[in-house]
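Okay, so here's the structure we're looking at.
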Number of protein chains: 2
Amino acid sequence: MDLRQYDSATCSVARALDIVGQPWVLLVLREAFYGLRRFSDIQDHLGVSRSVLASRLEAMVREDLLERRPYREPGQRERTEYVLTDKGRGLYPVIVALRQWGDEHLTGDAGVPVHTEHEGCGATVRAALVCDAGHVVGVDEVERRPGPGHRLRATAAH
Amino acid sequence: MDLRQYDSATCSVARALDIVGQPWVLLVLREAFYGLRRFSDIQDHLGVSRSVLASRLEAMVREDLLERRPYREPGQRERTEYVLTDKGRGLYPVIVALRQWGDEHLTGDAGVPVHTEHEGCGATVRAALVCDAGHVVGVDEVERRPGPGHRLRATAAH
């Protein structure tokens, strides 16, 4: 498959990056996977300004990565938590793959900051490529062919 | 593990995003995984300006994601190709995880633009979480504990 013949913007990677490639989105998702749901907790931990975080959370709700849920502490007014949707949870392999690459290449002598383990089993969790036939797949063992949603480039039609 | 006690910037996800979260980096890597190596091919396919692509490629070489290699077409002057390093190739699971999420959530009725298949076997390739004991791991089956490179937040020490 010669990538140059195909419309770059139709690619699922490009479409995904239109959403999750925006600043802070993957870091907010990381916080959510760790269980942080409250504006003040996320803001305090990330060190991001209130206005930036507010607009980012609004976009993430609009894109159905997070949903708003009301909560109320005793004696306080009602506030809003941000909880991962199924669509948002679908991005966990992206986070794990980024973490793993950072662990391998960017930690230096200090070692990994966080161990990620299989609950109950204790073995290290990593992102891997697998195929539906159950094989673990190497980076060089992948073939690509156009699917039904491909689009040729206008210029490639000449 | 209460994430709030730990320094957000020490996380491998944050460190990885400092590099691959820059505009165009993951899209340039996608082009590289498809075999595009030449400035003009990448620029033409992505539709990015020459100056932006040049500075992005320079940063990616500096970060050891790509390396420069000279090539020469017959009768032409020597030019430069950009080839994935091992460190760059380590980001393939990130690309596959993004593609898969885009395929699942963003293609609409048109269907997937590209099939990604296990060479020889033909089965669809996907990014999955696995553990070193050989289990496939669900999003909710992950436990985290501080590793040797963790850093407590200054404010958490009080």
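Every chain in the structure tokens takes a letter, A first, then B, and so on in the order presented; its residues are numbered from 1, and the ligands are numbered from 1 following the presented order.
Neighbours of A:Asp103 closer than or equal to 9 Å, with only C-alpha atoms counted and sequence neighbours fewer than 4 positions away skipped, come out as Leu98, Arg99, Thr107, Gly108, Gly111, Val112, Pro113 and Val114 of chain A; Cys11, Ser12, Val13 and Ala16 of chain B.
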Dump as a compact mmCIF listing (two decimals), in the first residue's frame, selection limited to C-alpha atoms:
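Saved to part-v9.txt:
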# COMPACT_ATOMS: atom_id res chain seq x y z
CA LEU A 98 3.27 6.18 26.12
CA ARG A 99 4.19 5.27 29.69
CA THR A 107 13.71 7.68 33.07
CA GLY A 108 17.49 7.78 33.24
CA GLY A 111 14.32 3.97 37.36
CA VAL A 112 10.63 3.88 36.59
CA PRO A 113 8.42 6.24 38.61
CA VAL A 114 5.44 3.90 38.66
CA CYS B 11 5.51 10.50 35.25
CA SER B 12 6.70 8.68 32.12
CA VAL B 13 3.48 9.64 30.34
CA ALA B 16 6.81 11.02 26.69
Residues at most 9 Å from B:Leu46, counting only C-alpha atoms, excluding those fewer than 5 positions away in the same chain, as a VMD selection string? (chain A and resid 7 to 9) or (chain B and resid 24 27 to 28 31 41)
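Of the listed residues (A:Pro148, A:Val142, A:His105, A:Gly120), A:Val142 comes nearest to B:Tyr34; the distances count only C-alpha atoms.
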Exercise answer, chain A residues close to chain B, 6 Å and only C-alpha atoms, as a PyMOL selection string: chain A and resi 4+12-13+16+45+93-94+97-99+102-103+110-119+123-133+141-150
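Between chain B and chain A, which have the same sequence, the C-alpha root-mean-square deviation after superposition works out to 0.0 Å.
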Which parts of stretch 1-156 of chain B does DSSP call helix (DSSP H, G or I) when run on the backbone here, written out as a PDB file with C-alpha atoms, in the first residue's frame?
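Result file is states_14.pdb:
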ATOM      1  CA  LEU B   3      -1.627  10.005  42.539  1.00  0.00           C
ATOM      2  CA  ARG B   4      -2.015  13.362  44.248  1.00  0.00           C
ATOM      3  CA  GLN B   5       1.017  12.731  46.456  1.00  0.00           C
ATOM      4  CA  SER B   8       3.038  14.999  38.047  1.00  0.00           C
ATOM      5  CA  ALA B   9       6.022  15.888  35.861  1.00  0.00           C
ATOM      6  CA  THR B  10       8.027  12.802  36.903  1.00  0.00           C
ATOM      7  CA  SER B  12       6.697   8.678  32.123  1.00  0.00           C
ATOM      8  CA  VAL B  13       3.481   9.641  30.337  1.00  0.00           C
ATOM      9  CA  ALA B  14       4.237  13.335  30.895  1.00  0.00           C
ATOM     10  CA  ARG B  15       7.857  12.902  29.831  1.00  0.00           C
ATOM     11  CA  ALA B  16       6.811  11.022  26.688  1.00  0.00           C
ATOM     12  CA  LEU B  17       4.266  13.723  25.837  1.00  0.00           C
ATOM     13  CA  ASP B  18       6.888  16.441  26.192  1.00  0.00           C
ATOM     14  CA  ILE B  19       8.390  14.904  23.055  1.00  0.00           C
ATOM     15  CA  VAL B  20       5.635  13.180  21.100  1.00  0.00           C
ATOM     16  CA  VAL B  25       5.388  14.447  15.692  1.00  0.00           C
ATOM     17  CA  LEU B  26       3.011  11.475  15.800  1.00  0.00           C
ATOM     18  CA  LEU B  27       1.830  12.150  12.250  1.00  0.00           C
ATOM     19  CA  VAL B  28       5.413  12.265  10.990  1.00  0.00           C
ATOM     20  CA  LEU B  29       6.016   8.971  12.809  1.00  0.00           C
ATOM     21  CA  ARG B  30       2.940   7.495  11.113  1.00  0.00           C
ATOM     22  CA  GLU B  31       4.437   8.463   7.739  1.00  0.00           C
ATOM     23  CA  ALA B  32       7.714   6.845   8.756  1.00  0.00           C
ATOM     24  CA  PHE B  33       6.001   3.595   9.762  1.00  0.00           C
ATOM     25  CA  PHE B  39      11.211  15.359   3.029  1.00  0.00           C
ATOM     26  CA  SER B  40       9.225  16.075  -0.130  1.00  0.00           C
ATOM     27  CA  ASP B  41       7.062  12.933   0.232  1.00  0.00           C
ATOM     28  CA  ILE B  42       6.262  13.636   3.878  1.00  0.00           C
ATOM     29  CA  GLN B  43       5.619  17.308   3.252  1.00  0.00           C
ATOM     30  CA  ASP B  44       3.386  16.642   0.267  1.00  0.00           C
ATOM     31  CA  HIS B  45       1.384  13.951   2.035  1.00  0.00           C
ATOM     32  CA  LEU B  46       0.882  15.802   5.313  1.00  0.00           C
ATOM     33  CA  ARG B  50       8.340  23.283   4.650  1.00  0.00           C
ATOM     34  CA  SER B  51       9.549  25.368   7.569  1.00  0.00           C
ATOM     35  CA  VAL B  52       7.355  23.621  10.155  1.00  0.00           C
ATOM     36  CA  LEU B  53       8.319  20.187   8.881  1.00  0.00           C
ATOM     37  CA  ALA B  54      12.014  21.100   8.799  1.00  0.00           C
ATOM     38  CA  SER B  55      12.027  22.249  12.420  1.00  0.00           C
ATOM     39  CA  ARG B  56       9.954  19.228  13.487  1.00  0.00           C
ATOM     40  CA  LEU B  57      12.288  16.772  11.759  1.00  0.00           C
ATOM     41  CA  GLU B  58      15.264  18.498  13.334  1.00  0.00           C
ATOM     42  CA  ALA B  59      13.701  18.083  16.794  1.00  0.00           C
ATOM     43  CA  MET B  60      12.893  14.447  16.074  1.00  0.00           C
ATOM     44  CA  VAL B  61      16.506  13.777  15.033  1.00  0.00           C
ATOM     45  CA  ARG B  62      17.717  15.554  18.171  1.00  0.00           C
ATOM     46  CA  ASP B  86      14.945   1.891  17.525  1.00  0.00           C
ATOM     47  CA  LYS B  87      13.709   4.548  19.936  1.00  0.00           C
ATOM     48  CA  GLY B  88      11.325   5.869  17.270  1.00  0.00           C
ATOM     49  CA  ARG B  89      10.151   2.371  16.413  1.00  0.00           C
ATOM     50  CA  TYR B  92       4.556   2.003  17.149  1.00  0.00           C
ATOM     51  CA  PRO B  93       2.164   0.717  19.845  1.00  0.00           C
ATOM     52  CA  VAL B  94       1.109   4.333  20.464  1.00  0.00           C
ATOM     53  CA  ILE B  95       0.252   4.771  16.781  1.00  0.00           C
ATOM     54  CA  VAL B  96      -1.625   1.467  16.623  1.00  0.00           C
ATOM     55  CA  ALA B  97      -3.572   2.276  19.802  1.00  0.00           C
ATOM     56  CA  LEU B  98      -4.572   5.666  18.377  1.00  0.00           C
ATOM     57  CA  ARG B  99      -5.562   4.124  15.044  1.00  0.00           C
ATOM     58  CA  GLN B 100      -7.661   1.490  16.728  1.00  0.00           C
ATOM     59  CA  TRP B 101      -9.491   4.036  18.846  1.00  0.00           C
ATOM     60  CA  GLY B 102     -10.104   6.189  15.771  1.00  0.00           C
ATOM     61  CA  ASP B 103     -11.339   3.144  13.856  1.00  0.00           C
ATOM     62  CA  GLU B 104     -13.761   2.285  16.641  1.00  0.00           C
ATOM     63  CA  HIS B 105     -15.094   5.740  17.408  1.00  0.00           C
ATOM     64  CA  GLY B 108     -18.726   6.783  10.996  1.00  0.00           C
ATOM     65  CA  ASP B 109     -20.577   4.794   8.340  1.00  0.00           C
ATOM     66  CA  ALA B 110     -17.690   4.789   5.891  1.00  0.00           C
ATOM     67  CA  VAL B 139      -8.493  -1.698  31.734  1.00  0.00           C
ATOM     68  CA  ASP B 140      -9.811  -2.353  35.250  1.00  0.00           C
ATOM     69  CA  GLU B 141      -7.238  -5.017  36.098  1.00  0.00           C
ATOM     70  CA  THR B 155       3.610  20.207  48.997  1.00  0.00           C
ATOM     71  CA  ALA B 156       2.798  16.618  49.924  1.00  0.00           C
TER      72      ALA B 156
END
Please give the complete set of residues from stretch 37-141 of chain B that DSSP, run on the backbone, assigns to strand (DSSP E or B), formatted as a VMD selection string. chain B and resid 38 66 to 71 79 to 84 114 to 118 124 to 131 136
Next, write the just-selected residues to a file, as a PDB file, in the first residue's frame, keeping C-alpha atoms as the atom set.
ATOM      1  CA  ARG B  38      11.910  11.783   2.081  1.00  0.00           C
ATOM      2  CA  LEU B  66      14.699   9.586  13.440  1.00  0.00           C
ATOM      3  CA  GLU B  67      18.166   9.509  11.945  1.00  0.00           C
ATOM      4  CA  ARG B  68      19.413  11.215   8.814  1.00  0.00           C
ATOM      5  CA  ARG B  69      20.785   9.122   5.974  1.00  0.00           C
ATOM      6  CA  PRO B  70      22.162  10.446   2.718  1.00  0.00           C
ATOM      7  CA  TYR B  71      20.810   9.196  -0.590  1.00  0.00           C
ATOM      8  CA  ARG B  79      19.787  14.490  -0.302  1.00  0.00           C
ATOM      9  CA  THR B  80      18.723  13.309   3.144  1.00  0.00           C
ATOM     10  CA  GLU B  81      16.287  10.592   4.165  1.00  0.00           C
ATOM     11  CA  TYR B  82      14.772  10.282   7.634  1.00  0.00           C
ATOM     12  CA  VAL B  83      14.766   6.756   8.996  1.00  0.00           C
ATOM     13  CA  LEU B  84      13.234   5.484  12.244  1.00  0.00           C
ATOM     14  CA  VAL B 114      -6.976   1.085   6.519  1.00  0.00           C
ATOM     15  CA  HIS B 115      -6.865  -2.570   7.530  1.00  0.00           C
ATOM     16  CA  THR B 116      -3.836  -3.430   9.634  1.00  0.00           C
ATOM     17  CA  GLU B 117      -3.057  -7.118   9.390  1.00  0.00           C
ATOM     18  CA  HIS B 118      -0.572  -9.600  10.755  1.00  0.00           C
ATOM     19  CA  THR B 124      -6.358  -7.862  12.336  1.00  0.00           C
ATOM     20  CA  VAL B 125      -3.633  -6.294  14.493  1.00  0.00           C
ATOM     21  CA  ARG B 126      -4.570  -4.337  17.590  1.00  0.00           C
ATOM     22  CA  ALA B 127      -2.889  -2.795  20.589  1.00  0.00           C
ATOM     23  CA  ALA B 128      -3.691  -4.701  23.761  1.00  0.00           C
ATOM     24  CA  LEU B 129      -2.560  -4.719  27.349  1.00  0.00           C
ATOM     25  CA  VAL B 130      -0.683  -7.853  28.255  1.00  0.00           C
ATOM     26  CA  CYS B 131       1.296  -8.792  31.321  1.00  0.00           C
ATOM     27  CA  VAL B 136      -4.378 -10.215  28.325  1.00  0.00           C
TER      28      VAL B 136
END
Interatomic distance (Å, one decimal) between atom CA of B:Leu65 and atom CA of B:Thr85: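 A separation of 5.5 Å between them.
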